[in-house]
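K.L.:
Supplied in structure tokens, the structure appears directly below.
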Amino acid sequence: MNVGIVCYASVGGSGIVATELAKVLARRGHEVRLISSEPPVRLGDFQAGLAFHAVQTPGYPLFREPQYLLSLASKIVEVARAYRLDIIHAHYAIPHATAAYLARQILAAGGDGQVPRVITTLHGTDVTLIGSDPSYLETAAFSIDHSDGVTAVSESLRDDTYRHLPVAARINVIPNFLDCQYHRRLGDESLRARYRRGDPHAKLVIHVSNFRPVKRADAVIEIFRRIRERLPARLLLVGDGPDLAPACRRAGELGLAGDVEALGEQELVVPLLSIADVCLLPSAQESFGVAALEAMACEVPVVASRVGGLPEVIADGDSGFLHDPDDLTGMAESAVRLLTDPVLHRRLAAGACRRVHQHFCAEEIVPRYEAFYEAVLARTARPAA
Ligand code: GMT
């Protein structure tokens, strides 16, 4: 099949999942074209069957803002025509589903023999945060409803979509996934020693995110403060975003500056997850939580909020612990239990990894996307002239 995948290139779960999907589809023999404003973070080295097409969005003094929707739609049309795309798979509704819809209309109006089908995958904030904002709601709902097929990354997100948006389209749940051969604990003791900064007893707590308000970096610091009162520990903050600097400042005010280390955006998180003992994810909302899945694959139990799709990813008491988002005391208690009880830690670390392997590996999930593509193509096939 010829598949065009549209995604955001910056660090973020939707771009990571879209890029992984592109790579695995190419490995399985499809011709895949990734369309984005720059090469996505996890694109990696050359791979047969996988090409990247950059969207250029020229500015003009008259425009007050870049016209990304229009330049993206034009790029999709260009790629679809040149490579006879069967499917345009838009990851993140805003504005990718809208650009894909527009591209399909342009292709159909131009009498192009083969008009690709549009599939939209909803990732979370495109529905719960941005999509439901009155400024975007009507366009987002229209673009989702006019896709030929729609998927959501969790049941919770599917339900949220119907709750937040006037959408009637059938939404199929296909969960996020990982390359399970690559996502596994490496066990690099010298790296672990390095980040313990000379304290061989220090436990390593990790938080990976884009440091947007929804991730609650302030709660991460507060939980860590409570952990640190009970045992020697260091906190690794991986990623970047508007709340990173305030979080580091708060750590300084609490006298924790020496125990909190910001590593910025990292393309490869497996080496860092592999030296961690516990992952904290006290998000206000999380449609799925790829960060949790990556930690679990590296045998790191996750202490997280019981919100959105996180309970579909983390089995409470078996691969981590879930708490009410405001229960920071409970989250700190769970983390301390994990960090002080090696038997409990071993059980949950193994449970976390097992859960990923049972439900969330590419081998299991990517064929579901392929079957969905086939079903959409069959359902929308036009009679031969
Ligand atoms: O979390 C974000 O702010 C970014 C967003 C994205 O584009 O990556 O994340 C959403 O999509 C991810 C991939 O499907 C999910 O794992 C995240 O849970 C989801 N974020 C939220 O729902 C807040």
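Residue numbering restarts at 1 in every chain; chains get A, B, ... in the order shown in the structure tokens, and ligands count up from 1 in that same order.
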Show me which residues are within 9 Å of ligand 1 counting only C-alpha atoms and all ligand atoms, and format the list as a VMD selection string.
P.N.:
chain A and resid 7 to 8 10 to 18 91 to 92 121 to 129 152 to 154 157 175 to 176 209 to 215 283 to 293 308 to 310
K.L.:
Store the residues picked out above, limited to C-alpha atoms, as a PDB file, in the first residue's frame.
P.N.:
ATOM      1  CA  CYS A   7       2.410  14.251  11.977  1.00  0.00           C
ATOM      2  CA  TYR A   8       4.054  16.818  14.204  1.00  0.00           C
ATOM      3  CA  SER A  10       8.480  17.859  17.743  1.00  0.00           C
ATOM      4  CA  VAL A  11       8.952  15.695  20.808  1.00  0.00           C
ATOM      5  CA  GLY A  12       5.520  14.413  21.784  1.00  0.00           C
ATOM      6  CA  GLY A  13       3.690  11.135  21.853  1.00  0.00           C
ATOM      7  CA  SER A  14       1.684  11.653  18.664  1.00  0.00           C
ATOM      8  CA  GLY A  15       4.784  12.334  16.543  1.00  0.00           C
ATOM      9  CA  ILE A  16       6.636   9.422  18.141  1.00  0.00           C
ATOM     10  CA  VAL A  17       3.777   6.994  17.481  1.00  0.00           C
ATOM     11  CA  ALA A  18       3.244   8.225  13.911  1.00  0.00           C
ATOM     12  CA  HIS A  91      -2.082  12.033  13.280  1.00  0.00           C
ATOM     13  CA  TYR A  92      -3.584  14.723  15.514  1.00  0.00           C
ATOM     14  CA  THR A 121      -5.960   9.230  14.536  1.00  0.00           C
ATOM     15  CA  LEU A 122      -6.973  11.225  17.582  1.00  0.00           C
ATOM     16  CA  HIS A 123      -4.228  11.535  20.177  1.00  0.00           C
ATOM     17  CA  GLY A 124      -5.688  13.437  23.108  1.00  0.00           C
ATOM     18  CA  THR A 125      -5.061  17.128  23.416  1.00  0.00           C
ATOM     19  CA  ASP A 126      -6.412  17.545  19.868  1.00  0.00           C
ATOM     20  CA  VAL A 127      -9.793  16.664  21.419  1.00  0.00           C
ATOM     21  CA  THR A 128      -9.671  17.318  25.142  1.00  0.00           C
ATOM     22  CA  LEU A 129      -7.748  20.587  25.189  1.00  0.00           C
ATOM     23  CA  ALA A 152      -8.417   6.938  18.927  1.00  0.00           C
ATOM     24  CA  VAL A 153      -5.493   5.749  21.023  1.00  0.00           C
ATOM     25  CA  SER A 154      -7.629   4.676  23.988  1.00  0.00           C
ATOM     26  CA  LEU A 157     -10.233   9.183  24.364  1.00  0.00           C
ATOM     27  CA  PRO A 175      -3.828   1.678  21.205  1.00  0.00           C
ATOM     28  CA  ASN A 176      -0.338   3.106  20.963  1.00  0.00           C
ATOM     29  CA  SER A 209       7.400  14.984  29.266  1.00  0.00           C
ATOM     30  CA  ASN A 210       7.032  18.122  27.184  1.00  0.00           C
ATOM     31  CA  PHE A 211       6.629  20.173  30.392  1.00  0.00           C
ATOM     32  CA  ARG A 212       3.276  21.650  29.419  1.00  0.00           C
ATOM     33  CA  PRO A 213       0.825  22.578  32.203  1.00  0.00           C
ATOM     34  CA  VAL A 214      -1.143  19.337  31.646  1.00  0.00           C
ATOM     35  CA  LYS A 215       1.921  17.336  32.810  1.00  0.00           C
ATOM     36  CA  SER A 283      -0.667  14.481  34.688  1.00  0.00           C
ATOM     37  CA  ALA A 284      -3.957  16.341  34.864  1.00  0.00           C
ATOM     38  CA  GLN A 285      -5.028  14.539  31.684  1.00  0.00           C
ATOM     39  CA  GLU A 286      -3.445  11.836  29.553  1.00  0.00           C
ATOM     40  CA  SER A 287      -5.319  10.115  26.754  1.00  0.00           C
ATOM     41  CA  PHE A 288      -2.781   7.290  26.739  1.00  0.00           C
ATOM     42  CA  GLY A 289       0.680   8.107  28.124  1.00  0.00           C
ATOM     43  CA  VAL A 290       3.393   6.895  25.752  1.00  0.00           C
ATOM     44  CA  ALA A 291       5.918   8.047  28.373  1.00  0.00           C
ATOM     45  CA  ALA A 292       4.459   5.514  30.817  1.00  0.00           C
ATOM     46  CA  LEU A 293       4.581   2.766  28.198  1.00  0.00           C
ATOM     47  CA  GLY A 308      -7.918   9.387  30.888  1.00  0.00           C
ATOM     48  CA  GLY A 309      -6.316   6.371  29.272  1.00  0.00           C
ATOM     49  CA  LEU A 310      -3.633   5.789  31.936  1.00  0.00           C
TER      50      LEU A 310
END
K.L.:
Considering only C-alpha atoms, return as a list of chain:residue names whatever protein or nucleic-acid residues lie within 12 Å of A:Ala193, sequence-local ones (same chain, fewer than 5 positions apart) excluded.
P.N.:
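My reading of the contact set: A:Gly187, A:Asp188, A:Gly198, A:Asp199, A:Pro200, A:His201, A:Ala202, A:Lys203, A:Leu204, A:Arg234, A:Leu272, A:Ile275, A:Ala276.
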K.L.:
Could the residues in this selection be written to a file with N, CA and C atoms, as a PDB file, in the first residue's frame?
P.N.:
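Printed below is selection.pdb as written:
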ATOM      1  N   GLY A 187      20.558  -1.641  31.396  1.00  0.00           N
ATOM      2  CA  GLY A 187      21.378  -1.980  32.562  1.00  0.00           C
ATOM      3  C   GLY A 187      22.813  -1.488  32.455  1.00  0.00           C
ATOM      4  N   ASP A 188      22.980  -0.176  32.246  1.00  0.00           N
ATOM      5  CA  ASP A 188      24.319   0.396  32.141  1.00  0.00           C
ATOM      6  C   ASP A 188      24.706   0.964  33.522  1.00  0.00           C
ATOM      7  N   GLY A 198      27.778  10.246  42.809  1.00  0.00           N
ATOM      8  CA  GLY A 198      28.630   9.900  43.946  1.00  0.00           C
ATOM      9  C   GLY A 198      27.914   9.265  45.123  1.00  0.00           C
ATOM     10  N   ASP A 199      26.594   9.187  45.085  1.00  0.00           N
ATOM     11  CA  ASP A 199      25.887   8.532  46.196  1.00  0.00           C
ATOM     12  C   ASP A 199      25.402   7.156  45.735  1.00  0.00           C
ATOM     13  N   PRO A 200      26.104   6.085  46.129  1.00  0.00           N
ATOM     14  CA  PRO A 200      25.742   4.755  45.629  1.00  0.00           C
ATOM     15  C   PRO A 200      24.383   4.275  46.136  1.00  0.00           C
ATOM     16  N   HIS A 201      23.826   4.961  47.148  1.00  0.00           N
ATOM     17  CA  HIS A 201      22.525   4.538  47.677  1.00  0.00           C
ATOM     18  C   HIS A 201      21.362   5.301  47.045  1.00  0.00           C
ATOM     19  N   ALA A 202      21.680   6.325  46.277  1.00  0.00           N
ATOM     20  CA  ALA A 202      20.599   7.171  45.732  1.00  0.00           C
ATOM     21  C   ALA A 202      19.733   6.393  44.747  1.00  0.00           C
ATOM     22  N   LYS A 203      18.422   6.497  44.922  1.00  0.00           N
ATOM     23  CA  LYS A 203      17.477   5.935  43.954  1.00  0.00           C
ATOM     24  C   LYS A 203      17.249   6.979  42.858  1.00  0.00           C
ATOM     25  N   LEU A 204      16.970   6.492  41.661  1.00  0.00           N
ATOM     26  CA  LEU A 204      16.758   7.437  40.547  1.00  0.00           C
ATOM     27  C   LEU A 204      15.280   7.462  40.153  1.00  0.00           C
ATOM     28  N   ARG A 234      17.524  10.952  43.531  1.00  0.00           N
ATOM     29  CA  ARG A 234      17.741  12.042  42.585  1.00  0.00           C
ATOM     30  C   ARG A 234      16.629  11.991  41.551  1.00  0.00           C
ATOM     31  N   LEU A 272      18.245   6.346  29.508  1.00  0.00           N
ATOM     32  CA  LEU A 272      17.904   7.025  30.768  1.00  0.00           C
ATOM     33  C   LEU A 272      16.840   6.258  31.540  1.00  0.00           C
ATOM     34  N   ILE A 275      18.122   3.349  33.645  1.00  0.00           N
ATOM     35  CA  ILE A 275      18.826   3.501  34.927  1.00  0.00           C
ATOM     36  C   ILE A 275      17.869   3.966  36.016  1.00  0.00           C
ATOM     37  N   ALA A 276      16.579   4.130  35.655  1.00  0.00           N
ATOM     38  CA  ALA A 276      15.619   4.678  36.624  1.00  0.00           C
ATOM     39  C   ALA A 276      14.972   3.578  37.457  1.00  0.00           C
TER      40      ALA A 276
END
K.L.:
Tell me, which residues of stretch 18-193 of chain A carry DSSP helix (DSSP H, G or I), written as JSON, numbers by chain?
P.N.:
{"A": [18, 19, 20, 21, 22, 23, 24, 25, 26, 27, 68, 69, 70, 71, 72, 73, 74, 75, 76, 77, 78, 79, 80, 81, 82, 83, 96, 97, 98, 99, 100, 101, 102, 103, 104, 105, 106, 107, 108, 109, 125, 126, 127, 128, 137, 138, 139, 140, 141, 142, 143, 144, 145, 155, 156, 157, 158, 159, 160, 161, 162, 163, 164, 189, 190, 191, 192, 193]}
K.L.:
If you run DSSP on the backbone, which residues of stretch 47-248 of chain A are strand (DSSP E), as a count of residues only?
P.N.:
35
K.L.:
Of the candidates A:Leu235, A:Leu344, A:Leu377, A:Leu273, which shows the shortest atom-to-atom distance to A:Glu299, using only C-alpha atoms?
P.N.:
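Under the stated criterion, the closest residue is A:Leu273.
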K.L.:
Pick from A:Asp179, A:Glu222, A:Glu138, A:Glu65: nearest to A:Glu363, with only C-alpha atoms counted?
P.N.:
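Using only C-alpha atoms, A:Glu363 sits closest to A:Asp179.
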K.L.:
Mind checking which residues fall within 10 Å of stretch 252-260 of chain A, counting only C-alpha atoms, ignoring those fewer than 6 positions away in the same chain, and posting them as a ChimeraX atom specification?
P.N.:
/A:195-197,202,204-206,221-222,224-225,228,232-237,246
